[in-house]
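For reference, target13.cif (mmCIF, C-alpha atoms):
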```cif
data_my_file
#
loop_
_atom_site.label_atom_id
_atom_site.label_comp_id
_atom_site.auth_asym_id
_atom_site.auth_seq_id
_atom_site.Cartn_x
_atom_site.Cartn_y
_atom_site.Cartn_z
CA MET A 88 -171.77 -122.47 -41.59
CA PRO A 89 -172.95 -118.88 -41.96
CA LEU A 90 -171.37 -116.98 -44.84
CA VAL A 91 -169.83 -113.58 -45.46
CA ARG A 92 -171.61 -112.02 -48.44
CA ALA A 93 -171.47 -108.80 -50.43
CA HIS A 94 -174.25 -107.98 -52.89
CA ASN A 95 -175.23 -105.33 -55.41
CA ILE A 96 -171.70 -103.96 -55.65
CA ALA A 97 -171.93 -102.01 -58.90
CA VAL A 98 -168.76 -101.24 -60.86
CA SER A 99 -168.02 -99.46 -64.10
CA LEU A 100 -166.16 -101.21 -66.93
CA ASP A 101 -163.00 -99.51 -65.75
CA GLY A 102 -163.52 -100.92 -62.27
CA PHE A 103 -164.73 -97.96 -60.22
CA ALA A 104 -167.44 -98.67 -57.65
CA THR A 105 -167.98 -95.05 -56.72
CA GLY A 106 -166.91 -91.73 -58.21
CA GLU A 107 -164.40 -89.09 -57.23
CA GLY A 108 -165.36 -86.18 -54.95
CA GLN A 109 -167.78 -87.68 -52.43
CA SER A 110 -169.63 -85.14 -50.27
CA LEU A 111 -172.92 -84.61 -48.46
CA ARG A 112 -174.54 -83.45 -51.70
CA THR A 113 -172.75 -85.95 -53.94
CA PRO A 114 -172.50 -89.19 -51.93
CA PHE A 115 -171.24 -91.05 -55.02
CA GLY A 116 -169.02 -88.26 -56.32
CA HIS A 117 -168.97 -87.49 -60.02
CA ALA A 118 -170.56 -90.88 -60.74
CA GLY A 119 -173.91 -89.59 -59.50
CA VAL A 120 -176.43 -92.43 -59.58
CA ARG A 121 -175.21 -93.90 -62.86
CA LEU A 122 -174.03 -97.10 -61.17
CA MET A 123 -177.49 -97.57 -59.66
CA GLU A 124 -179.86 -96.90 -62.54
CA TRP A 125 -180.34 -100.66 -62.96
CA PHE A 126 -181.48 -100.92 -59.32
CA PHE A 127 -184.14 -98.19 -59.17
CA PRO A 128 -186.80 -99.98 -61.27
CA THR A 129 -186.52 -103.22 -59.28
CA ALA A 130 -189.24 -104.29 -56.88
CA THR A 131 -186.56 -104.59 -54.20
CA PHE A 132 -185.60 -100.94 -54.48
CA GLN A 133 -189.26 -99.89 -54.62
CA SER A 134 -189.96 -101.76 -51.40
CA LEU A 135 -187.04 -100.00 -49.68
CA SER A 136 -187.57 -96.46 -50.83
CA GLY A 137 -189.90 -93.79 -49.59
CA ASP A 138 -192.67 -92.39 -51.79
CA ARG A 139 -190.43 -89.60 -52.97
CA GLU A 140 -188.11 -91.99 -54.76
CA ARG A 141 -190.68 -94.35 -56.20
CA ARG A 142 -190.67 -94.91 -59.94
CA PRO A 143 -193.04 -96.89 -62.14
CA VAL A 144 -192.64 -100.64 -61.81
CA ASP A 145 -190.68 -101.99 -64.78
CA THR A 146 -191.22 -105.67 -65.55
CA SER A 147 -188.05 -105.74 -67.66
CA ALA A 148 -186.22 -105.20 -64.36
CA GLU A 149 -187.35 -108.58 -63.01
CA PRO A 150 -184.12 -110.38 -63.97
CA ASP A 151 -182.16 -107.69 -62.12
CA ASP A 152 -184.49 -108.03 -59.16
CA VAL A 153 -183.69 -111.75 -58.87
CA PHE A 154 -180.15 -110.70 -57.97
CA ALA A 155 -180.98 -107.51 -56.07
CA ARG A 156 -183.29 -109.14 -53.55
CA ARG A 157 -180.80 -111.79 -52.46
CA SER A 158 -178.92 -109.10 -50.59
CA PHE A 159 -181.76 -108.98 -48.07
CA GLU A 160 -182.25 -112.71 -47.53
CA GLY A 161 -180.74 -114.54 -44.58
CA ILE A 162 -178.66 -111.63 -43.27
CA GLY A 163 -178.23 -111.23 -39.50
CA ALA A 164 -175.79 -108.33 -39.39
CA GLU A 165 -174.06 -105.86 -41.69
CA ILE A 166 -170.54 -104.45 -41.68
CA MET A 167 -170.02 -101.13 -43.44
CA GLY A 168 -167.17 -98.70 -43.90
CA ALA A 169 -167.11 -95.16 -42.55
CA ASN A 170 -167.62 -93.80 -46.08
CA LYS A 171 -170.94 -95.60 -46.39
CA PHE A 172 -172.28 -94.36 -43.07
CA GLY A 173 -171.83 -90.69 -43.90
CA PRO A 174 -170.11 -88.02 -45.99
CA PRO A 175 -166.46 -87.14 -45.33
CA GLY A 176 -166.25 -85.56 -41.86
CA TRP A 177 -169.43 -87.07 -40.33
CA GLN A 178 -167.31 -88.15 -37.37
CA ALA A 179 -167.17 -84.48 -36.28
CA ASP A 180 -170.98 -84.28 -36.09
CA PRO A 181 -172.30 -85.94 -32.90
CA ASP A 182 -175.85 -85.86 -34.32
CA TRP A 183 -175.14 -87.68 -37.60
CA ARG A 184 -177.31 -90.82 -37.66
CA GLY A 185 -176.69 -92.08 -41.20
CA TRP A 186 -178.31 -91.33 -44.56
CA TRP A 187 -181.41 -93.45 -44.08
CA GLY A 188 -183.88 -91.41 -42.00
CA ASP A 189 -186.01 -92.86 -39.20
CA GLU A 190 -186.24 -96.42 -40.51
CA PRO A 191 -182.97 -97.60 -42.12
CA PRO A 192 -183.35 -100.66 -44.38
CA PHE A 193 -181.08 -102.89 -42.31
CA HIS A 194 -183.34 -104.12 -39.48
CA SER A 195 -180.33 -105.76 -37.88
CA PRO A 196 -177.12 -104.80 -36.10
CA VAL A 197 -174.79 -102.74 -38.29
CA PHE A 198 -171.07 -102.45 -37.50
CA VAL A 199 -169.54 -99.21 -38.78
CA MET A 200 -165.76 -99.42 -39.18
CA THR A 201 -164.26 -96.09 -38.14
CA ARG A 202 -161.29 -94.88 -36.15
CA ALA A 203 -163.56 -92.38 -34.33
CA THR A 204 -165.70 -94.75 -32.33
CA ARG A 205 -168.77 -93.62 -30.35
CA PRO A 206 -171.48 -95.38 -28.33
CA PRO A 207 -174.07 -97.42 -30.26
CA ILE A 208 -177.15 -95.63 -31.58
CA GLU A 209 -180.57 -97.05 -32.36
CA VAL A 210 -182.44 -95.81 -35.39
CA GLY A 211 -185.75 -97.56 -35.96
CA GLU A 212 -185.08 -101.30 -35.90
CA THR A 213 -181.39 -100.84 -36.68
CA THR A 214 -178.58 -100.57 -34.14
CA PHE A 215 -175.38 -98.96 -35.37
CA ARG A 216 -172.23 -99.97 -33.50
CA PHE A 217 -168.91 -98.23 -34.14
CA THR A 218 -165.64 -100.14 -34.13
CA ASP A 219 -162.01 -99.53 -34.97
CA ALA A 220 -161.15 -103.25 -35.06
CA VAL A 221 -159.53 -104.99 -38.07
CA PRO A 222 -161.72 -106.94 -40.54
CA ASP A 223 -161.52 -110.38 -38.98
CA ALA A 224 -162.17 -109.05 -35.48
CA VAL A 225 -165.18 -107.05 -36.68
CA LEU A 226 -166.38 -110.16 -38.46
CA ALA A 227 -166.22 -112.18 -35.25
CA GLN A 228 -168.39 -109.55 -33.52
CA ALA A 229 -170.81 -109.48 -36.43
CA PHE A 230 -171.23 -113.27 -36.51
CA GLU A 231 -171.96 -113.22 -32.81
CA ALA A 232 -174.63 -110.54 -33.36
CA ALA A 233 -176.08 -112.31 -36.42
CA GLY A 234 -177.54 -115.22 -34.46
CA GLY A 235 -176.53 -117.91 -36.92
CA LEU A 236 -177.45 -115.96 -40.05
CA ASP A 237 -175.04 -114.62 -42.67
CA VAL A 238 -173.08 -111.37 -42.42
CA ARG A 239 -173.26 -108.83 -45.22
CA ILE A 240 -170.33 -106.60 -46.14
CA GLY A 241 -172.36 -103.58 -47.16
CA GLY A 242 -169.69 -101.40 -48.73
CA GLY A 243 -168.37 -98.96 -49.74
CA PRO A 244 -165.87 -100.39 -52.17
CA THR A 245 -162.83 -99.75 -49.96
CA THR A 246 -164.39 -101.90 -47.27
CA VAL A 247 -165.44 -104.67 -49.66
CA ARG A 248 -161.93 -104.69 -51.11
CA ALA A 249 -160.39 -104.95 -47.63
CA PHE A 250 -162.48 -108.04 -46.87
CA MET A 251 -161.64 -109.52 -50.29
CA ALA A 252 -157.92 -108.91 -49.72
CA ALA A 253 -158.18 -110.60 -46.32
CA GLY A 254 -159.76 -113.69 -47.91
CA LEU A 255 -162.93 -113.26 -45.88
CA ILE A 256 -165.59 -113.12 -48.62
CA ASP A 257 -167.60 -116.30 -49.36
CA LEU A 258 -169.98 -114.80 -51.92
CA LEU A 259 -169.55 -111.63 -53.97
CA HIS A 260 -172.24 -110.28 -56.29
CA VAL A 261 -170.92 -107.59 -58.62
CA VAL A 262 -173.03 -105.66 -61.10
CA GLN A 263 -170.98 -104.60 -64.10
CA VAL A 264 -172.41 -101.40 -65.59
CA PRO A 265 -171.18 -100.63 -69.14
CA ILE A 266 -169.97 -97.10 -68.49
CA LEU A 267 -166.48 -95.62 -68.13
CA LEU A 268 -166.19 -93.49 -65.00
CA GLY A 269 -162.52 -92.74 -65.58
CA ARG A 270 -161.78 -92.10 -61.89
CA GLY A 271 -163.06 -92.91 -58.44
CA VAL A 272 -162.67 -95.75 -55.96
CA SER A 273 -161.58 -99.02 -57.57
CA LEU A 274 -163.10 -102.28 -56.41
CA TRP A 275 -160.32 -104.36 -57.97
CA ALA A 276 -157.05 -102.57 -57.17
CA GLY A 277 -154.43 -104.83 -55.60
CA LEU A 278 -156.45 -108.03 -56.03
CA GLU A 279 -154.52 -109.81 -58.80
CA GLY A 280 -155.67 -113.43 -59.03
CA TRP A 281 -158.40 -113.00 -56.41
CA GLU A 282 -160.86 -114.95 -58.57
CA GLN A 283 -158.86 -118.14 -58.07
CA GLY A 284 -160.67 -120.21 -55.50
CA TYR A 285 -164.07 -118.99 -56.64
CA ASP A 286 -166.61 -120.25 -59.12
CA VAL A 287 -168.11 -117.43 -61.16
CA GLU A 288 -171.42 -117.12 -62.97
CA SER A 289 -172.13 -114.25 -65.38
CA THR A 290 -175.66 -113.19 -66.34
CA SER A 291 -176.53 -110.30 -68.63
CA THR A 292 -179.97 -108.73 -68.27
CA PRO A 293 -182.20 -106.52 -70.45
CA SER A 294 -181.08 -103.41 -68.55
CA GLY A 295 -177.64 -103.88 -70.11
CA VAL A 296 -175.78 -104.76 -66.92
CA THR A 297 -174.07 -108.07 -66.17
CA HIS A 298 -174.36 -109.79 -62.81
CA LEU A 299 -171.24 -111.64 -61.70
CA VAL A 300 -171.56 -113.99 -58.74
CA PHE A 301 -168.34 -115.33 -57.22
CA SER A 302 -168.86 -118.28 -54.84
CA ARG A 303 -166.07 -119.77 -52.82
CA ARG A 304 -165.28 -123.30 -54.00
CA MET B 64 -170.53 -96.07 -95.46
CA PRO B 65 -167.82 -98.54 -94.48
CA LEU B 66 -167.17 -98.81 -90.75
CA VAL B 67 -164.20 -98.90 -88.42
CA ARG B 68 -164.51 -102.00 -86.25
CA ALA B 69 -162.60 -103.71 -83.46
CA HIS B 70 -163.54 -107.25 -82.42
CA ASN B 71 -162.56 -109.90 -79.91
CA ILE B 72 -160.79 -107.42 -77.65
CA ALA B 73 -160.61 -109.40 -74.42
CA VAL B 74 -160.23 -107.57 -71.12
CA SER B 75 -160.01 -108.65 -67.51
CA LEU B 76 -162.45 -107.34 -64.91
CA ASP B 77 -159.84 -104.81 -63.89
CA GLY B 78 -159.58 -103.59 -67.47
CA PHE B 79 -156.31 -105.07 -68.72
CA ALA B 80 -156.27 -106.31 -72.31
CA THR B 81 -152.80 -107.78 -72.13
CA GLY B 82 -150.40 -108.57 -69.33
CA GLU B 83 -147.18 -107.03 -68.11
CA GLY B 84 -143.79 -108.17 -69.46
CA GLN B 85 -144.43 -108.91 -73.14
CA SER B 86 -141.60 -110.72 -74.91
CA LEU B 87 -140.94 -113.17 -77.73
CA ARG B 88 -141.70 -116.07 -75.41
CA THR B 89 -144.54 -114.36 -73.58
CA PRO B 90 -146.42 -112.29 -76.19
CA PHE B 91 -149.19 -111.54 -73.69
CA GLY B 92 -146.92 -111.04 -70.69
CA HIS B 93 -147.93 -112.50 -67.34
CA ALA B 94 -151.51 -112.90 -68.61
CA GLY B 95 -150.46 -115.87 -70.72
CA VAL B 96 -153.44 -117.03 -72.75
CA ARG B 97 -155.96 -116.53 -69.94
CA LEU B 98 -157.77 -113.78 -71.86
CA MET B 99 -158.17 -116.10 -74.86
CA GLU B 100 -159.34 -119.37 -73.30
CA TRP B 101 -162.91 -118.57 -74.41
CA PHE B 102 -161.68 -118.25 -78.04
CA PHE B 103 -159.75 -121.50 -78.46
CA PRO B 104 -162.77 -123.88 -78.52
CA THR B 105 -164.64 -121.79 -81.12
CA ALA B 106 -165.01 -122.99 -84.70
CA THR B 107 -163.54 -119.65 -85.79
CA PHE B 108 -160.31 -120.24 -83.93
CA GLN B 109 -160.17 -123.85 -85.11
CA SER B 110 -160.44 -122.71 -88.73
CA LEU B 111 -157.57 -120.26 -88.22
CA SER B 112 -155.13 -122.41 -86.33
CA GLY B 113 -152.71 -125.04 -87.51
CA ASP B 114 -153.03 -128.67 -86.47
CA ARG B 115 -150.69 -128.13 -83.56
CA GLU B 116 -153.14 -125.82 -81.82
CA ARG B 117 -156.33 -127.70 -82.57
CA ARG B 118 -158.50 -128.70 -79.66
CA PRO B 119 -161.67 -130.77 -79.55
CA VAL B 120 -164.70 -128.94 -80.93
CA ASP B 121 -166.85 -127.70 -78.05
CA THR B 122 -170.50 -127.08 -78.87
CA SER B 123 -170.92 -124.99 -75.72
CA ALA B 124 -168.60 -122.49 -77.45
CA GLU B 125 -171.16 -121.80 -80.19
CA PRO B 126 -172.54 -118.65 -78.52
CA ASP B 127 -168.98 -117.31 -78.28
CA ASP B 128 -168.38 -118.23 -81.91
CA VAL B 129 -171.34 -116.08 -83.02
CA PHE B 130 -169.33 -113.09 -81.80
CA ALA B 131 -165.85 -114.33 -82.69
CA ARG B 132 -166.57 -114.93 -86.37
CA ARG B 133 -167.92 -111.42 -87.02
CA SER B 134 -164.35 -110.15 -86.82
CA PHE B 135 -163.65 -111.85 -90.14
CA GLU B 136 -166.74 -110.72 -92.05
CA GLY B 137 -166.69 -107.76 -94.43
CA ILE B 138 -163.19 -106.59 -93.58
CA GLY B 139 -161.03 -105.11 -96.37
CA ALA B 140 -158.00 -103.98 -94.39
CA GLU B 141 -156.56 -104.14 -90.88
CA ILE B 142 -154.66 -101.60 -88.86
CA MET B 143 -152.47 -102.95 -86.06
CA GLY B 144 -150.01 -101.51 -83.57
CA ALA B 145 -146.32 -102.29 -83.48
CA ASN B 146 -146.83 -104.41 -80.35
CA LYS B 147 -149.19 -106.73 -82.19
CA PHE B 148 -146.83 -107.26 -85.12
CA GLY B 149 -143.92 -108.48 -83.04
CA PRO B 150 -142.25 -108.66 -79.63
CA PRO B 151 -140.47 -105.59 -78.22
CA GLY B 152 -137.49 -104.84 -80.47
CA TRP B 153 -138.72 -106.55 -83.66
CA GLN B 154 -137.89 -103.34 -85.53
CA ALA B 155 -134.18 -104.19 -85.14
CA ASP B 156 -134.65 -107.51 -86.96
CA PRO B 157 -134.91 -107.02 -90.75
CA ASP B 158 -136.16 -110.60 -91.16
CA TRP B 159 -139.10 -110.38 -88.71
CA ARG B 160 -142.27 -111.16 -90.68
CA GLY B 161 -144.86 -111.31 -87.92
CA TRP B 162 -146.06 -114.11 -85.62
CA TRP B 163 -148.26 -115.87 -88.11
CA GLY B 164 -146.02 -118.08 -90.29
CA ASP B 165 -146.43 -118.49 -94.04
CA GLU B 166 -150.17 -117.81 -94.22
CA PRO B 167 -151.30 -115.08 -91.83
CA PRO B 168 -155.05 -115.04 -91.15
CA PHE B 169 -155.61 -111.55 -92.57
CA HIS B 170 -155.85 -112.14 -96.34
CA SER B 171 -155.97 -108.39 -96.85
CA PRO B 172 -153.69 -105.37 -96.55
CA VAL B 173 -152.45 -104.80 -93.00
CA PHE B 174 -151.13 -101.43 -91.87
CA VAL B 175 -148.60 -101.68 -89.05
CA MET B 176 -148.24 -98.46 -87.06
CA THR B 177 -144.57 -98.03 -86.13
CA ARG B 178 -142.05 -95.22 -86.04
CA ALA B 179 -139.49 -97.50 -87.73
CA THR B 180 -141.04 -97.85 -91.16
CA ARG B 181 -139.76 -100.27 -93.79
CA PRO B 182 -140.89 -101.34 -97.28
CA PRO B 183 -144.03 -103.48 -97.54
CA ILE B 184 -143.67 -107.25 -97.25
CA GLU B 185 -145.93 -109.95 -98.64
CA VAL B 186 -146.57 -113.04 -96.55
CA GLY B 187 -149.00 -115.47 -98.18
CA GLU B 188 -152.09 -113.51 -99.16
CA THR B 189 -151.34 -110.71 -96.68
CA THR B 190 -149.40 -107.53 -97.44
CA PHE B 191 -147.94 -105.75 -94.41
CA ARG B 192 -147.36 -102.01 -94.88
CA PHE B 193 -145.51 -99.97 -92.26
CA THR B 194 -146.55 -96.42 -91.44
CA ASP B 195 -145.71 -93.74 -88.90
CA ALA B 196 -148.83 -91.69 -89.64
CA VAL B 197 -151.39 -90.64 -87.01
CA PRO B 198 -154.62 -92.65 -86.61
CA ASP B 199 -156.87 -90.69 -88.95
CA ALA B 200 -154.25 -90.61 -91.71
CA VAL B 201 -153.64 -94.35 -91.40
CA LEU B 202 -157.38 -94.86 -91.50
CA ALA B 203 -157.66 -92.92 -94.77
CA GLN B 204 -155.00 -95.18 -96.30
CA ALA B 205 -156.72 -98.28 -94.96
CA PHE B 206 -160.12 -97.29 -96.33
CA GLU B 207 -158.54 -96.73 -99.73
CA ALA B 208 -156.98 -100.19 -99.59
CA ALA B 209 -160.17 -101.82 -98.30
CA GLY B 210 -162.10 -101.38 -101.54
CA GLY B 211 -165.38 -100.35 -99.96
CA LEU B 212 -165.26 -102.89 -97.14
CA ASP B 213 -164.82 -102.14 -93.42
CA VAL B 214 -161.52 -101.53 -91.67
CA ARG B 215 -160.60 -103.54 -88.59
CA ILE B 216 -158.51 -102.12 -85.77
CA GLY B 217 -156.75 -105.32 -84.85
CA GLY B 218 -155.05 -104.32 -81.62
CA GLY B 219 -153.10 -104.34 -79.38
CA PRO B 220 -154.99 -102.47 -76.71
CA THR B 221 -152.85 -99.35 -76.93
CA THR B 222 -153.80 -99.02 -80.60
CA VAL B 223 -157.50 -99.71 -80.01
CA ARG B 224 -157.49 -97.14 -77.21
CA ALA B 225 -155.85 -94.55 -79.48
CA PHE B 226 -158.60 -94.99 -82.09
CA MET B 227 -161.26 -94.86 -79.37
CA ALA B 228 -159.78 -91.65 -77.96
CA ALA B 229 -159.75 -90.12 -81.45
CA GLY B 230 -163.47 -90.90 -81.86
CA LEU B 231 -162.78 -93.16 -84.84
CA ILE B 232 -164.42 -96.42 -83.73
CA ASP B 233 -167.90 -97.27 -85.07
CA LEU B 234 -168.20 -100.73 -83.54
CA LEU B 235 -166.30 -102.19 -80.61
CA HIS B 236 -166.69 -105.79 -79.46
CA VAL B 237 -165.14 -106.40 -76.05
CA VAL B 238 -165.00 -109.77 -74.30
CA GLN B 239 -165.04 -109.37 -70.55
CA VAL B 240 -163.21 -112.26 -68.90
CA PRO B 241 -163.93 -112.66 -65.16
CA ILE B 242 -160.32 -112.67 -63.98
CA LEU B 243 -158.20 -110.05 -62.20
CA LEU B 244 -154.86 -109.55 -63.96
CA GLY B 245 -153.77 -106.82 -61.57
CA ARG B 246 -151.39 -105.18 -64.07
CA GLY B 247 -150.78 -104.86 -67.79
CA VAL B 248 -152.06 -102.65 -70.59
CA SER B 249 -155.43 -101.04 -69.84
CA LEU B 250 -158.03 -100.80 -72.57
CA TRP B 251 -160.00 -98.13 -70.70
CA ALA B 252 -157.45 -95.67 -69.29
CA GLY B 253 -158.21 -92.06 -70.15
CA LEU B 254 -161.58 -92.78 -71.77
CA GLU B 255 -164.02 -91.37 -69.18
CA GLY B 256 -167.48 -91.12 -70.73
CA TRP B 257 -166.45 -92.79 -74.00
CA GLU B 258 -169.60 -94.94 -73.98
CA GLN B 259 -171.77 -91.87 -74.53
CA GLY B 260 -172.77 -91.83 -78.17
CA TYR B 261 -172.87 -95.63 -78.35
CA ASP B 262 -175.57 -98.19 -77.86
CA VAL B 263 -174.34 -101.20 -75.93
CA GLU B 264 -175.53 -104.82 -75.82
CA SER B 265 -174.24 -107.27 -73.20
CA THR B 266 -174.44 -111.04 -73.66
CA SER B 267 -173.12 -113.62 -71.20
CA THR B 268 -172.26 -117.05 -72.54
CA PRO B 269 -171.74 -120.52 -71.01
CA SER B 270 -167.97 -120.07 -71.04
CA GLY B 271 -168.41 -117.39 -68.35
CA VAL B 272 -167.37 -114.40 -70.45
CA THR B 273 -169.59 -111.47 -71.38
CA HIS B 274 -169.63 -109.98 -74.86
CA LEU B 275 -170.15 -106.22 -74.97
CA VAL B 276 -170.90 -104.67 -78.36
CA PHE B 277 -170.76 -100.88 -78.59
CA SER B 278 -172.33 -99.47 -81.78
CA ARG B 279 -172.18 -95.82 -82.67
CA ARG B 280 -175.66 -94.24 -82.51
#
```
Would you mind giving the structure from this file in C-alpha cells?
Amino acid sequence: MPLVRAHNIAVSLDGFATGEGQSLRTPFGHAGVRLMEWFFPTATFQSLSGDRERRPVDTSAEPDDVFARRSFEGIGAEIMGANKFGPPGWQADPDWRGWWGDEPPFHSPVFVMTRATRPPIEVGETTFRFTDAVPDAVLAQAFEAAGGLDVRIGGGPTTVRAFMAAGLIDLLHVVQVPILLGRGVSLWAGLEGWEQGYDVESTSTPSGVTHLVFSRR
Amino acid sequence: MPLVRAHNIAVSLDGFATGEGQSLRTPFGHAGVRLMEWFFPTATFQSLSGDRERRPVDTSAEPDDVFARRSFEGIGAEIMGANKFGPPGWQADPDWRGWWGDEPPFHSPVFVMTRATRPPIEVGETTFRFTDAVPDAVLAQAFEAAGGLDVRIGGGPTTVRAFMAAGLIDLLHVVQVPILLGRGVSLWAGLEGWEQGYDVESTSTPSGVTHLVFSRR
C-alpha cells in the first residue's frame, strides 16, 4: 500500500514550523532560514540548489542527510498548501509560477490546495494542479496521479497539521531545531494525543538538531 | 563561581512541562506521569523512591541516568515554586509539609517562593524556607545558604521560566518527550530568542527522549 509521508518538517522547541510575517521577501517570516540551517550543508540540498546557493560540502552533515534524502525517494506526487506555493496574495497574480524557477525540484505532479483554483501549469518536469477539495479528496487525486508510489505532504505547517488532524499521515519526519521562535505557525496546535498510534524514533545529530520519525503502527 | 542550574525539566513536543488541572490527586494534571516515564527506570530514581515505587532496574535507562543524576551533584540549595511544594491551596493548610514524606530528597535548604510566607519547617535533613521575594533576591539568599555549591531551580515550569526570563539560568537540562499534551503549563512561552547566549547539546536515548543541555557561553 502506498503511504502518505511528510519529511523535513523543521520546528522550533516551542513548536513553530515557520515564523510570523510571511511575505515575498521573507517567505519564512521572522524565522528567516534558522529552521533550515541544518539542511543547507547536506548533499541533498546541494543537489537541489542552483550554484548561487551552494555551500561547501560538510561531512558532519551526513547524519542529517540520511534523513533529508528520504523525502525524495519513492514519491509519485506532492500535495502542498497555498502558503508554500507563493507569498500571501499570489492568487491575484496570473503569472505566479511558484518559487522554484524553471526546474522545480518535484519532478512529479504537485497538487496546490487553494480556494482560488486555476488551470494546471507545467514548469519544467513538474505539473502544478490547483484544487479546493478537502484533504481526503485531494489525497485520492494524488494517489491516482502517483502511479503506485507514495504521496508527500510538502507543507507548509498548516497543511501538514490538517492532514495529521484528519488521521491521514502514515509517516512524519520532524526536525527539532533547538531555538525558540516565540511566534509563528505551530505544527502541533490542536493535536493532543496525536502520537498515539505511532511508533517514534528520535536521533540527535552533530548539527544539534533531533530527527523524530513517527511511523503508523 | 557557583552556578544556577535546572535539571530534568521534561517537556512535551508542544512545550508543556506539566498538564492542565493540577490537584492533590493529580499533581501533574491531565499529563499524569507521562513526562516522567523515562525517569522511573533510572538508578537515580530508584535510589530516591521508596519500596512502593520501585520498578525493575532497566539497563537501557543508563544513558538517561547519566543526565538524571547530575541534578543531584554539587547542589547546596534549591529554589522551588509554590506549585511544586503542594497542590493548589496548600497555603491554607498549616500542616502541609510537602509531597515527600519524612525524608525529602533534597538534603539541603529549599526556598519555596510563595506570597503566603510562614516560618521555616524542618523535614528530615531538609529545611523548607518560605519567601515572597523576587527571583534575584531569592537567588542571593539561596547562594548564601548553599555554602559555595550550586543552586538548583527545582521547578515547576512557571518558576523555571521566570528564572530563564530574568537571565539567571547558567545551565538548563530539558528532557524532550515525544508526546503531544495539547494543554498545560508551557516552559517556553514568552522566551523568544532565549537560546542565544547558550551552547546547546542534544542527545537522544533508547527510551525515545532527547536530552537538551543549554550552557551559558
Counting only C-alpha atoms, what are the residues of chain B within 7 Å of chain A, and for each of them which pair of atoms is the nearest and at what distance in Å, to one decimal? Sort the table by chain and rising number, as CSV.
```
residue,atom,partner,partner_atom,distance
B:Asp77,CA,A:Gly102,CA,5.6
B:Gly78,CA,A:Asp101,CA,5.6
B:Ile242,CA,A:Glu282,CA,5.9
B:Leu243,CA,A:Glu279,CA,5.0
B:Leu244,CA,A:Glu279,CA,5.2
B:Gly245,CA,A:Glu279,CA,4.1
B:Trp251,CA,A:Asp101,CA,6.0
B:Ala252,CA,A:Gly269,CA,6.9
B:Gly253,CA,A:Gly269,CA,6.3
B:Leu254,CA,A:Gly269,CA,6.3
B:Glu255,CA,A:Gly269,CA,4.1
B:Gly256,CA,A:Leu267,CA,5.3
B:Trp257,CA,A:Leu267,CA,6.5
B:Glu258,CA,A:Ile266,CA,5.9
B:Glu264,CA,A:Gly295,CA,6.2
B:Ser265,CA,A:Gly295,CA,5.7
B:Thr266,CA,A:Ser291,CA,5.5
B:Ser267,CA,A:Ser291,CA,5.4
B:Gly271,CA,A:Ser289,CA,5.7
B:Val272,CA,A:Ser289,CA,7.0
```
- Task: Do a neighbour search on Ile240 (chain A) at 6 Å with all atoms listed in the file, toss out local chain neighbours closer than 5 positions, and write the hits as number ranges by chain.
- Result: A: 93, 165-166
- Task: Between B:Leu212, B:Asp127, B:Ala200, B:Pro151, single out the one closest to Pro90 (chain B), counting only C-alpha atoms.
- Result: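 Result for the nearest residue to Pro90 (chain B): B:Pro151.
The neighbours of Arg280 (chain B) here are the residues that come within 9 Å of it, using all atoms listed in the file and leaving out any residue fewer than 4 positions away in the same chain; they are B:Asp233, B:Gly260, B:Tyr261, B:Asp262.
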Output the residue selection produced by the PyMOL selection byres ((chain B and resi 84) around 12) on the file above, formatted as an mmCIF file with C-alpha atoms, in the frame of the given file.
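expr-v9.cif was written with the following content:
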```cif
data_model
loop_
_atom_site.group_PDB
_atom_site.id
_atom_site.type_symbol
_atom_site.label_atom_id
_atom_site.label_comp_id
_atom_site.auth_asym_id
_atom_site.auth_seq_id
_atom_site.Cartn_x
_atom_site.Cartn_y
_atom_site.Cartn_z
ATOM 1 C CA THR B 81 -152.800 -107.780 -72.130
ATOM 2 C CA GLY B 82 -150.400 -108.570 -69.330
ATOM 3 C CA GLU B 83 -147.180 -107.030 -68.110
ATOM 4 C CA GLN B 85 -144.430 -108.910 -73.140
ATOM 5 C CA SER B 86 -141.600 -110.720 -74.910
ATOM 6 C CA LEU B 87 -140.940 -113.170 -77.730
ATOM 7 C CA ARG B 88 -141.700 -116.070 -75.410
ATOM 8 C CA THR B 89 -144.540 -114.360 -73.580
ATOM 9 C CA PRO B 90 -146.420 -112.290 -76.190
ATOM 10 C CA PHE B 91 -149.190 -111.540 -73.690
ATOM 11 C CA GLY B 92 -146.920 -111.040 -70.690
ATOM 12 C CA HIS B 93 -147.930 -112.500 -67.340
ATOM 13 C CA ALA B 94 -151.510 -112.900 -68.610
ATOM 14 C CA GLY B 95 -150.460 -115.870 -70.720
ATOM 15 C CA ASN B 146 -146.830 -104.410 -80.350
ATOM 16 C CA PRO B 150 -142.250 -108.660 -79.630
ATOM 17 C CA PRO B 151 -140.470 -105.590 -78.220
ATOM 18 C CA ARG B 246 -151.390 -105.180 -64.070
ATOM 19 C CA GLY B 247 -150.780 -104.860 -67.790
ATOM 20 C CA VAL B 248 -152.060 -102.650 -70.590
#
```
- Query: Just so the selection is clear, what residues does the PyMOL selection byres ((chain B and resi 187-195) around 12) cover here, as a PyMOL selection string?
  - Reply: chain B and resi 139-145+148+154+159-161+163-186+196-202+204-205+208
- Message: Report, in Å with one decimal, the straight-line distance from CA of Phe130 (chain B) to CA of His236 (chain B).
- Response: 8.1 Å
- Message: Rounded to one decimal, what separation in Å do you get between CA of Gly219 (chain B) and CA of Ala104 (chain A)?
- Response: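 Going from CA of Gly219 (chain B) over to CA of Ala104 (chain A) covers 26.6 Å.
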- Note on the structure: CA of Arg133 (chain B) to CA of Ala228 (chain B) measures 23.2 Å
- Message: Selection in question (the file shown): the PyMOL selection byres ((chain B and resi 104) around 10). Which residues does it include, as a PyMOL selection string?
- Response: chain B and resi 99-103+105-109+117-125+127-128+270
